[in-house]
$ cat entry_38.txt   # compact mmCIF, C-alpha atoms
# COMPACT_ATOMS: atom_id res chain seq x y z
CA MET F 1 -105.36 29.70 22.32
CA VAL F 2 -108.69 30.51 23.97
CA GLU F 3 -111.08 27.98 22.43
CA LYS F 4 -114.78 28.71 22.05
CA THR F 5 -116.72 26.48 24.43
CA ARG F 6 -119.97 24.73 23.57
CA LEU F 7 -121.65 26.67 26.35
CA LEU F 8 -120.73 29.95 24.64
CA THR F 9 -122.15 28.71 21.33
CA ILE F 10 -125.42 27.82 23.10
CA PHE F 11 -125.41 31.24 24.76
CA ASP F 12 -124.86 32.91 21.34
CA ILE F 13 -127.91 31.12 19.94
CA LEU F 14 -130.05 32.02 23.00
CA THR F 15 -128.96 35.67 22.74
CA PHE F 16 -129.85 35.73 19.04
CA ILE F 17 -133.31 34.30 19.78
CA PHE F 18 -133.96 36.76 22.63
CA MET F 19 -132.91 39.70 20.47
CA LEU F 20 -135.16 38.52 17.61
CA VAL F 21 -138.09 38.25 20.03
CA ALA F 22 -137.36 41.76 21.38
CA ILE F 23 -137.27 43.16 17.82
CA GLY F 24 -140.52 41.33 17.02
CA LEU F 25 -142.21 42.76 20.12
CA VAL F 26 -141.09 46.31 19.28
CA PHE F 27 -142.26 46.26 15.67
CA PHE F 28 -145.24 43.86 15.70
CA TYR F 29 -146.63 43.73 19.25
CA ALA F 30 -146.17 47.13 20.93
CA PRO F 31 -148.83 49.57 19.73
CA VAL F 32 -148.00 52.86 18.03
CA GLU F 33 -148.22 55.64 20.61
CA GLU F 34 -151.16 57.94 19.80
CA ILE F 35 -149.39 61.31 19.97
CA MET F 36 -145.72 60.65 19.15
CA GLY F 37 -146.33 58.08 16.43
CA GLN F 38 -143.65 55.60 15.27
CA VAL F 39 -140.66 57.40 16.83
CA GLN F 40 -141.83 56.34 20.30
CA LYS F 41 -140.65 52.81 19.37
CA VAL F 42 -137.05 54.06 19.57
CA PHE F 43 -137.65 54.36 23.31
CA TYR F 44 -137.52 50.56 23.90
CA PHE F 45 -133.98 50.08 22.59
CA HIS F 46 -132.82 53.58 23.60
CA VAL F 47 -133.44 52.79 27.28
CA ALA F 48 -132.06 49.25 26.84
CA ASN F 49 -128.83 50.68 25.40
CA ALA F 50 -128.52 53.14 28.28
CA TRP F 51 -129.20 50.29 30.73
CA VAL F 52 -126.41 48.15 29.22
CA GLY F 53 -124.11 51.17 29.39
CA MET F 54 -124.75 51.70 33.08
CA LEU F 55 -124.63 47.96 33.79
CA GLY F 56 -121.21 47.62 32.15
CA PHE F 57 -119.75 50.63 33.94
CA THR F 58 -120.97 49.13 37.23
CA VAL F 59 -119.46 45.73 36.35
CA ALA F 60 -116.16 47.47 35.49
CA ALA F 61 -116.05 49.23 38.88
CA VAL F 62 -116.66 45.91 40.66
CA MET F 63 -113.95 44.21 38.54
CA GLY F 64 -111.61 47.10 39.36
CA GLY F 65 -112.21 46.57 43.08
CA ILE F 66 -111.58 42.82 42.77
CA TYR F 67 -108.38 43.47 40.78
CA LEU F 68 -107.03 45.82 43.47
CA TRP F 69 -107.86 43.20 46.09
CA LYS F 70 -106.56 40.08 44.32
CA GLY F 71 -104.10 41.49 41.79
CA GLU F 72 -105.03 38.97 39.08
CA ARG F 73 -104.93 40.20 35.49
CA LYS F 74 -108.15 38.42 34.51
CA TRP F 75 -110.17 40.99 36.50
CA ASP F 76 -108.48 43.80 34.58
CA ILE F 77 -109.34 42.09 31.27
CA ALA F 78 -112.99 41.70 32.36
CA GLY F 79 -113.23 45.34 33.53
CA PHE F 80 -111.75 46.66 30.30
CA ALA F 81 -114.11 44.46 28.27
CA ALA F 82 -117.15 45.76 30.18
CA ILE F 83 -116.14 49.39 29.63
CA GLU F 84 -115.49 48.94 25.92
CA ILE F 85 -118.93 47.37 25.35
CA SER F 86 -120.74 49.87 27.56
CA PHE F 87 -119.02 52.79 25.88
CA VAL F 88 -120.52 51.71 22.52
CA PHE F 89 -124.00 51.07 23.94
CA PHE F 90 -124.08 54.32 25.91
CA LEU F 91 -123.02 56.28 22.83
CA VAL F 92 -125.88 54.65 20.88
CA ALA F 93 -128.28 55.62 23.70
CA ILE F 94 -127.17 59.25 23.44
CA ILE F 95 -127.48 59.34 19.62
CA SER F 96 -130.83 57.51 19.49
CA GLY F 97 -132.13 59.82 22.23
CA SER F 98 -131.10 62.80 20.15
CA ILE F 99 -133.02 61.41 17.14
CA TRP F 100 -136.12 60.98 19.32
CA ALA F 101 -135.66 64.50 20.75
CA ARG F 102 -135.86 66.19 17.34
CA PRO F 103 -139.62 65.63 16.86
CA ALA F 104 -140.37 65.55 20.61
CA TRP F 105 -138.49 68.67 21.78
CA ASN F 106 -138.00 70.33 18.39
CA THR F 107 -134.23 70.19 18.83
CA TRP F 108 -131.49 67.56 18.38
CA TRP F 109 -129.77 68.58 21.59
CA THR F 110 -130.31 70.65 24.72
CA TRP F 111 -128.09 71.02 27.81
CA ASP F 112 -130.63 69.34 30.05
CA PRO F 113 -129.29 67.72 33.28
CA ARG F 114 -129.78 64.18 31.91
CA LEU F 115 -128.18 64.88 28.55
CA THR F 116 -125.32 66.79 30.16
CA THR F 117 -124.54 64.15 32.79
CA ALA F 118 -124.81 61.37 30.18
CA SER F 119 -122.30 63.22 27.98
CA ILE F 120 -119.96 63.61 30.95
CA VAL F 121 -120.16 59.84 31.63
CA GLU F 122 -119.34 59.08 27.98
CA LEU F 123 -116.39 61.48 27.99
CA ILE F 124 -115.05 60.01 31.25
CA TYR F 125 -114.98 56.54 29.68
CA ALA F 126 -113.62 57.85 26.37
CA ALA F 127 -110.70 59.24 28.40
CA TYR F 128 -110.33 55.83 30.11
CA LEU F 129 -110.00 54.08 26.74
CA LEU F 130 -107.48 56.63 25.47
CA LEU F 131 -105.38 56.80 28.64
CA ARG F 132 -105.23 53.01 28.94
CA ARG F 133 -103.54 52.85 25.54
CA GLY F 134 -100.86 55.20 26.82
CA VAL F 135 -99.56 52.88 29.58
CA ASP F 136 -97.17 50.14 28.38
CA ASP F 137 -96.47 48.28 31.62
CA PRO F 138 -99.37 45.77 31.99
CA ASN F 139 -99.44 45.85 35.80
CA ARG F 140 -99.35 49.64 36.00
CA ARG F 141 -102.03 49.81 33.31
CA ALA F 142 -104.24 47.38 35.24
CA ARG F 143 -103.82 49.30 38.52
CA PHE F 144 -104.53 52.61 36.83
CA SER F 145 -107.58 51.18 35.02
CA ALA F 146 -109.00 49.69 38.23
CA VAL F 147 -108.74 52.97 40.15
CA TYR F 148 -110.12 54.95 37.20
CA ALA F 149 -113.08 52.54 36.76
CA ILE F 150 -113.99 52.92 40.44
CA PHE F 151 -113.80 56.74 40.46
CA GLY F 152 -115.35 57.04 36.98
CA PHE F 153 -118.31 55.02 38.19
CA LEU F 154 -119.32 57.88 40.53
CA SER F 155 -120.70 59.66 37.45
CA VAL F 156 -123.11 56.80 36.67
CA PRO F 157 -125.55 57.13 39.62
CA LEU F 158 -125.38 60.90 39.14
CA THR F 159 -126.78 60.45 35.62
CA PHE F 160 -129.43 58.03 36.84
CA ILE F 161 -130.77 60.33 39.57
CA SER F 162 -130.33 63.59 37.62
CA ILE F 163 -133.83 63.37 36.10
CA ARG F 164 -135.31 62.52 39.47
CA LEU F 165 -133.70 65.32 41.46
CA LEU F 166 -133.27 68.19 39.02
CA ARG F 167 -135.68 70.18 36.89
CA THR F 168 -135.58 68.50 33.49
CA ILE F 169 -137.50 68.04 30.25
CA HIS F 170 -136.34 64.41 29.98
CA PRO F 171 -139.18 61.93 30.69
CA VAL F 172 -138.84 59.50 33.60
CA VAL F 173 -139.80 55.91 32.83
CA VAL F 174 -139.93 54.57 36.38
CA GLY F 175 -141.06 56.98 39.11
CA GLY F 176 -142.62 60.41 38.93
CA ALA F 177 -141.59 62.78 36.12
CA ASP F 178 -140.83 66.48 36.54
CA PRO F 179 -143.89 68.58 35.50
CA SER F 180 -141.70 70.27 32.88
CA ALA F 181 -140.82 66.92 31.22
CA GLN F 182 -141.82 66.74 27.57
CA GLY F 183 -142.45 63.60 25.50
CA GLY F 184 -143.54 61.37 28.37
CA PHE F 185 -146.35 58.85 27.95
CA ASN F 186 -148.30 56.29 29.92
CA MET F 187 -147.22 52.75 29.08
CA THR F 188 -149.96 50.26 28.26
CA GLY F 189 -149.60 46.53 29.10
CA PRO F 190 -148.04 45.54 25.73
CA MET F 191 -145.67 48.53 25.94
CA LYS F 192 -144.54 47.48 29.44
CA ALA F 193 -144.04 43.87 28.30
CA THR F 194 -141.97 45.03 25.31
CA PHE F 195 -139.96 47.42 27.44
CA PHE F 196 -139.05 44.92 30.15
CA PHE F 197 -138.34 42.13 27.66
CA SER F 198 -136.02 44.49 25.75
CA LEU F 199 -134.14 45.23 28.98
CA PHE F 200 -133.81 41.49 29.60
CA ALA F 201 -132.71 40.70 26.02
CA PHE F 202 -130.10 43.47 26.08
CA SER F 203 -128.78 42.26 29.44
CA VAL F 204 -128.29 38.77 27.95
CA PHE F 205 -126.70 40.37 24.85
CA PHE F 206 -124.31 42.27 27.12
CA VAL F 207 -123.22 39.10 28.94
CA ASP F 208 -122.69 37.36 25.60
CA LEU F 209 -120.58 40.22 24.21
CA LEU F 210 -118.66 40.43 27.48
CA TRP F 211 -117.84 36.74 27.28
CA HIS F 212 -116.53 37.15 23.71
CA ARG F 213 -114.58 40.31 24.59
CA ILE F 214 -112.95 38.58 27.58
CA ARG F 215 -111.87 35.70 25.27
CA LEU F 216 -110.29 38.25 22.96
CA GLY F 217 -108.63 40.02 25.91
CA LYS F 218 -107.14 36.76 27.21
CA LEU F 219 -105.74 35.91 23.78
CA GLN F 220 -104.26 39.41 23.44
CA GLU F 221 -102.69 39.05 26.88
CA LYS F 222 -101.07 35.73 25.87
CA ILE F 223 -99.62 37.37 22.75
CA GLU F 224 -98.36 40.31 24.82
CA ASN F 225 -96.63 37.93 27.27
CA LEU F 226 -95.12 35.88 24.46
CA ARG F 227 -93.82 39.01 22.74
CA TRP F 228 -92.40 40.26 26.05
CA HIS F 229 -90.48 36.99 26.63
CA LYS F 230 -89.19 36.72 23.05
CA ASN F 231 -87.88 40.31 22.90
CA MET Q 1 -143.32 69.28 19.48
CA PHE Q 2 -146.33 67.00 19.13
CA SER Q 3 -149.93 68.03 18.66
CA PRO Q 4 -152.32 66.28 21.07
CA LEU Q 5 -154.97 66.31 18.34
CA ALA Q 6 -153.40 63.86 15.85
CA THR Q 7 -150.72 61.14 15.68
CA ALA Q 8 -147.49 62.67 14.38
CA ASP Q 9 -145.84 61.24 11.27
CA THR Q 10 -142.43 60.31 12.74
CA LEU Q 11 -141.62 57.19 10.74
CA ASN Q 12 -138.37 58.67 9.34
CA TYR Q 13 -137.07 59.38 12.84
CA MET Q 14 -137.87 55.83 13.91
CA ILE Q 15 -135.98 54.44 10.91
CA ALA Q 16 -133.02 56.73 11.66
CA GLY Q 17 -133.03 55.68 15.34
CA TYR Q 18 -133.05 51.96 14.58
CA ALA Q 19 -130.46 52.39 11.80
CA VAL Q 20 -128.09 53.82 14.41
CA ILE Q 21 -128.92 51.12 16.96
CA PHE Q 22 -128.57 48.12 14.60
CA GLY Q 23 -125.67 49.70 12.70
CA ALA Q 24 -123.62 50.16 15.87
CA MET Q 25 -124.37 46.60 17.04
CA LEU Q 26 -123.27 45.20 13.69
CA VAL Q 27 -120.09 47.28 13.57
CA TYR Q 28 -119.13 46.23 17.11
CA ILE Q 29 -119.75 42.52 16.44
CA VAL Q 30 -117.74 42.68 13.20
CA SER Q 31 -114.92 44.53 15.01
CA LEU Q 32 -114.82 41.74 17.64
CA LEU Q 33 -114.62 39.06 14.93
CA VAL Q 34 -111.91 40.91 12.99
CA ARG Q 35 -109.82 41.54 16.11
CA TYR Q 36 -110.16 37.91 17.21
CA SER Q 37 -109.07 36.50 13.85
CA LYS Q 38 -106.17 38.98 13.76
CA ALA Q 39 -105.12 37.94 17.28
CA LYS Q 40 -105.34 34.25 16.30
CA ARG Q 41 -103.07 34.85 13.32
CA GLU Q 42 -100.62 36.79 15.48
CA TRP Q 43 -100.65 34.02 18.11
CA SER Q 44 -99.78 31.35 15.56
CA GLU Q 45 -96.94 33.52 14.18
CA TRP Q 46 -95.43 34.26 17.62
CA SER Q 47 -95.76 30.73 18.93
CA LYS Q 48 -93.77 29.25 16.00

$ encode --input "entry_38.txt" --output "structure tokens"
Amino acid sequence: MVEKTRLLTIFDILTFIFMLVAIGLVFFYAPVEEIMGQVQKVFYFHVANAWVGMLGFTVAAVMGGIYLWKGERKWDIAGFAAIEISFVFFLVAIISGSIWARPAWNTWWTWDPRLTTASIVELIYAAYLLLRRGVDDPNRRARFSAVYAIFGFLSVPLTFISIRLLRTIHPVVVGGADPSAQGGFNMTGPMKATFFFSLFAFSVFFVDLLWHRIRLGKLQEKIENLRWHKN
Amino acid sequence: MFSPLATADTLNYMIAGYAVIFGAMLVYIVSLLVRYSKAKREWSEWSK
């Protein structure tokens, strides 16, 4: 069995506190934006979700590289865990962005470079999750997953720089926005504090979830090995 | 599109956005808990 350590329990409590503080900042500290109104508040957790998505895909590529180098299954378990979590968070970023876009752009969806590249990233990792299920041999599955995570990662920086290089209506938070961007705004001090704290809280939340998902992965691996030996 | 003359009433969109965000978090956490307890049960059955 993979027992829950005291350190993980402490980390769970810290994560819960940080998330509560982030929620408090969003709803009670950050001011309502003058033009967009309340929907602008979606921005704080929308960006944080996208950040966790990109962070996890990056972690998975690094884990994939380490697996190919060392050949230890624990790196495969960690990489898979990171992709599963990031897939969920990135999907939430896309959906929450679409909800924000309706009043801001007057449409739920448009094939803008950022939205298109983000959808491609999500589909690449959806394929990863599906294809992984199709490989029975654990070592082959781990090798395949590692290579896929490394090549799949190439789509992540493309999404990040798409709004900085291409003509887009998507606002840019850090750096100069395209003149055709719609729905951008200047962040005040409390908005910046809320934004950066949300990024921090979500990063901690990601590490906490990753830790739990790796525990689950290790237990599933033990069961798989046991089943293999008994059959 | 927003008017620069007045603050838009977008409360419903904010509620919808946060419902998706918190809903997905909750579903994922519950799925982790369910899968872990299922794996624990399976482990105790196989290791008998």

$ interface_residues --input "entry_38.txt" --of "chain F" --to "chain Q" --cutoff "7 Å" --atoms "all atoms listed in the file" --output "ChimeraX atom specification"
/F:34-39,41-42,92,96,99-100,103-106,216,219-220,223

$ write_last_selection --input "entry_38.txt" --atoms "C-alpha atoms" --output "short mmCIF file (atom, residue, chain, number, x, y, z; two decimals), in the coordinates of the input"
data_model
loop_
_atom_site.label_atom_id
_atom_site.label_comp_id
_atom_site.auth_asym_id
_atom_site.auth_seq_id
_atom_site.Cartn_x
_atom_site.Cartn_y
_atom_site.Cartn_z
CA GLU F 34 -151.16 57.94 19.80
CA ILE F 35 -149.39 61.31 19.97
CA MET F 36 -145.72 60.65 19.15
CA GLY F 37 -146.33 58.08 16.43
CA GLN F 38 -143.65 55.60 15.27
CA VAL F 39 -140.66 57.40 16.83
CA LYS F 41 -140.65 52.81 19.37
CA VAL F 42 -137.05 54.06 19.57
CA VAL F 92 -125.88 54.65 20.88
CA SER F 96 -130.83 57.51 19.49
CA ILE F 99 -133.02 61.41 17.14
CA TRP F 100 -136.12 60.98 19.32
CA PRO F 103 -139.62 65.63 16.86
CA ALA F 104 -140.37 65.55 20.61
CA TRP F 105 -138.49 68.67 21.78
CA ASN F 106 -138.00 70.33 18.39
CA LEU F 216 -110.29 38.25 22.96
CA LEU F 219 -105.74 35.91 23.78
CA GLN F 220 -104.26 39.41 23.44
CA ILE F 223 -99.62 37.37 22.75
#

$ residues_around --input "entry_38.txt" --residues "range 68-75 of chain F" --least-positions-apart "6" --cutoff "8 Å" --atoms "all atoms listed in the file" --output "list in words"
Asn139, Ala142, Arg143, Ala146 and Lys218 of chain F

$ residues_around --input "entry_38.txt" --residues "Ile94 in chain F" --least-positions-apart "5" --cutoff "9 Å" --atoms "all atoms listed in the file" --output "list in words"
His46, Asn49, Ala50, Phe89, Ile99, Leu115, Ala118 and Ser119 of chain F

$ residues_around --input "entry_38.txt" --residues "Val21 in chain F" --least-positions-apart "6" --cutoff "10 Å" --atoms "only C-alpha atoms" --output "ChimeraX atom specification"
/F:15,194,197-198,201

$ atom_distance --input "entry_38.txt" --atom1 "CA of Ala60 in chain F" --atom2 "CA of His229 in chain F"
29.1 Å

$ atom_distance --input "entry_38.txt" --atom1 "CA of Trp228 in chain F" --atom2 "CA of Ile150 in chain F"
28.9 Å

$ residues_around --input "entry_38.txt" --residues "range 122-138 of chain F" --least-positions-apart "4" --cutoff "8 Å" --atoms "only C-alpha atoms" --output "ChimeraX atom specification"
/F:83-84,87,90-91,118,142,144-145,148-149,152

$ residues_near_point --input "entry_38.txt" --point "(-126.8, 37.7, 18.6)" --cutoff "12 Å" --atoms "only C-alpha atoms" --output "number ranges by chain"
F: 8-23, 201-209, 212; Q: 22, 25-26, 28-30

$ closest_residue --input "entry_38.txt" --among "F:Thr5, F:Ser98, F:Ser86, F:Ser155" --to "Phe43 in chain F" --atoms "only C-alpha atoms"
F:Ser98

$ atom_distance --input "entry_38.txt" --atom1 "CA of Glu33 in chain F" --atom2 "CA of Trp109 in chain F"
22.6 Å

$ decode --input "entry_38.txt" --residues "range 127-196 of chain F" --atoms "C-alpha atoms" --output "mmCIF file, in the first residue's frame"
data_model
loop_
_atom_site.group_PDB
_atom_site.id
_atom_site.type_symbol
_atom_site.label_atom_id
_atom_site.label_comp_id
_atom_site.auth_asym_id
_atom_site.auth_seq_id
_atom_site.Cartn_x
_atom_site.Cartn_y
_atom_site.Cartn_z
ATOM 1 C CA ALA F 127 -5.133 11.537 -27.902
ATOM 2 C CA TYR F 128 -2.302 10.772 -25.433
ATOM 3 C CA LEU F 129 -4.803 9.667 -22.778
ATOM 4 C CA LEU F 130 -6.741 7.520 -25.256
ATOM 5 C CA LEU F 131 -3.712 5.941 -26.930
ATOM 6 C CA ARG F 132 -2.078 5.124 -23.592
ATOM 7 C CA ARG F 133 -5.086 2.993 -22.689
ATOM 8 C CA GLY F 134 -4.560 0.988 -25.863
ATOM 9 C CA VAL F 135 -1.085 -0.337 -24.945
ATOM 10 C CA ASP F 136 -1.085 -3.330 -22.564
ATOM 11 C CA ASP F 137 2.638 -3.926 -22.096
ATOM 12 C CA PRO F 138 3.697 -1.518 -19.278
ATOM 13 C CA ASN F 139 7.216 -0.914 -20.606
ATOM 14 C CA ARG F 140 6.065 -0.273 -24.169
ATOM 15 C CA ARG F 141 3.330 2.000 -22.827
ATOM 16 C CA ALA F 142 5.852 3.966 -20.749
ATOM 17 C CA ARG F 143 8.263 4.358 -23.698
ATOM 18 C CA PHE F 144 5.465 5.436 -26.014
ATOM 19 C CA SER F 145 4.100 7.893 -23.418
ATOM 20 C CA ALA F 146 7.528 9.433 -22.808
ATOM 21 C CA VAL F 147 8.179 10.051 -26.514
ATOM 22 C CA TYR F 148 4.637 11.366 -27.032
ATOM 23 C CA ALA F 149 4.899 13.730 -24.023
ATOM 24 C CA ILE F 150 8.143 15.193 -25.397
ATOM 25 C CA PHE F 151 6.819 15.724 -28.950
ATOM 26 C CA GLY F 152 3.371 16.810 -27.720
ATOM 27 C CA PHE F 153 5.030 19.478 -25.611
ATOM 28 C CA LEU F 154 6.136 21.307 -28.783
ATOM 29 C CA SER F 155 2.542 22.569 -29.086
ATOM 30 C CA VAL F 156 2.683 24.278 -25.666
ATOM 31 C CA PRO F 157 5.168 27.113 -26.411
ATOM 32 C CA LEU F 158 3.394 27.586 -29.745
ATOM 33 C CA THR F 159 0.188 28.389 -27.846
ATOM 34 C CA PHE F 160 2.015 30.674 -25.447
ATOM 35 C CA ILE F 161 3.662 32.777 -28.166
ATOM 36 C CA SER F 162 0.714 32.694 -30.607
ATOM 37 C CA ILE F 163 -0.839 35.854 -29.117
ATOM 38 C CA ARG F 164 2.516 37.599 -29.127
ATOM 39 C CA LEU F 165 3.479 36.817 -32.716
ATOM 40 C CA LEU F 166 0.208 36.611 -34.627
ATOM 41 C CA ARG F 167 -2.635 39.030 -35.206
ATOM 42 C CA THR F 168 -5.201 38.161 -32.555
ATOM 43 C CA ILE F 169 -8.181 39.510 -30.627
ATOM 44 C CA HIS F 170 -7.077 37.659 -27.468
ATOM 45 C CA PRO F 171 -5.713 40.065 -24.806
ATOM 46 C CA VAL F 172 -2.114 39.669 -23.621
ATOM 47 C CA VAL F 173 -1.615 39.835 -19.865
ATOM 48 C CA VAL F 174 2.161 40.187 -19.790
ATOM 49 C CA GLY F 175 3.786 42.102 -22.657
ATOM 50 C CA GLY F 176 2.302 44.237 -25.391
ATOM 51 C CA ALA F 177 -1.095 43.298 -26.854
ATOM 52 C CA ASP F 178 -1.967 43.312 -30.551
ATOM 53 C CA PRO F 179 -3.868 46.542 -31.457
ATOM 54 C CA SER F 180 -6.778 44.364 -32.619
ATOM 55 C CA ALA F 181 -7.084 42.664 -29.186
ATOM 56 C CA GLN F 182 -10.491 43.107 -27.582
ATOM 57 C CA GLY F 183 -11.340 42.854 -23.875
ATOM 58 C CA GLY F 184 -7.948 43.889 -22.551
ATOM 59 C CA PHE F 185 -7.618 46.090 -19.476
ATOM 60 C CA ASN F 186 -4.990 47.779 -17.348
ATOM 61 C CA MET F 187 -4.457 45.952 -14.072
ATOM 62 C CA THR F 188 -4.510 48.039 -10.906
ATOM 63 C CA GLY F 189 -2.383 47.112 -7.845
ATOM 64 C CA PRO F 190 -5.072 44.944 -6.163
ATOM 65 C CA MET F 191 -5.791 43.226 -9.503
ATOM 66 C CA LYS F 192 -2.089 42.409 -9.956
ATOM 67 C CA ALA F 193 -1.837 41.091 -6.383
ATOM 68 C CA THR F 194 -4.910 38.890 -6.903
ATOM 69 C CA PHE F 195 -3.647 37.670 -10.252
ATOM 70 C CA PHE F 196 -0.170 36.686 -9.064
#
